[in-house]
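Right, one structure below, let's go through it.
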Amino acid sequence: DYLSNQENQIILNELEKMKKQDKDIFILYYYEGRKVKEIAIMNEISESKIKSKLFRIRKRLKKILKEGGYDFNE
């Protein structure tokens, strides 16, 4: 499941607006393929907090993409 260059650019632009920690967590998980446990240790926060942050970031990105006219299956 890959994104078009335009979709990817929208995501990257939105990531730049986020808090550094949220951006780093998203990049570590989705672009570097790190495990939730590993990210939690690196950031010294719980795994559940990482999962919660990833959920909120995905929700935010989906909203932005949808507003930009992109539609995708859940």
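By convention here, the chains of the structure tokens are called A, B, ... in the order presented, each chain's residues are numbered starting at 1, and ligands are numbered starting at 1 in the order presented.
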Exercise for the section: Would you mind listing what lies within 12 Å of A:Arg58 as a PyMOL selection string, with only C-alpha atoms counted and same-chain residues fewer than 3 positions away left out? Expected result: chain A and resi 11+14-15+22-23+25-27+29-30+51-55+61-66+74
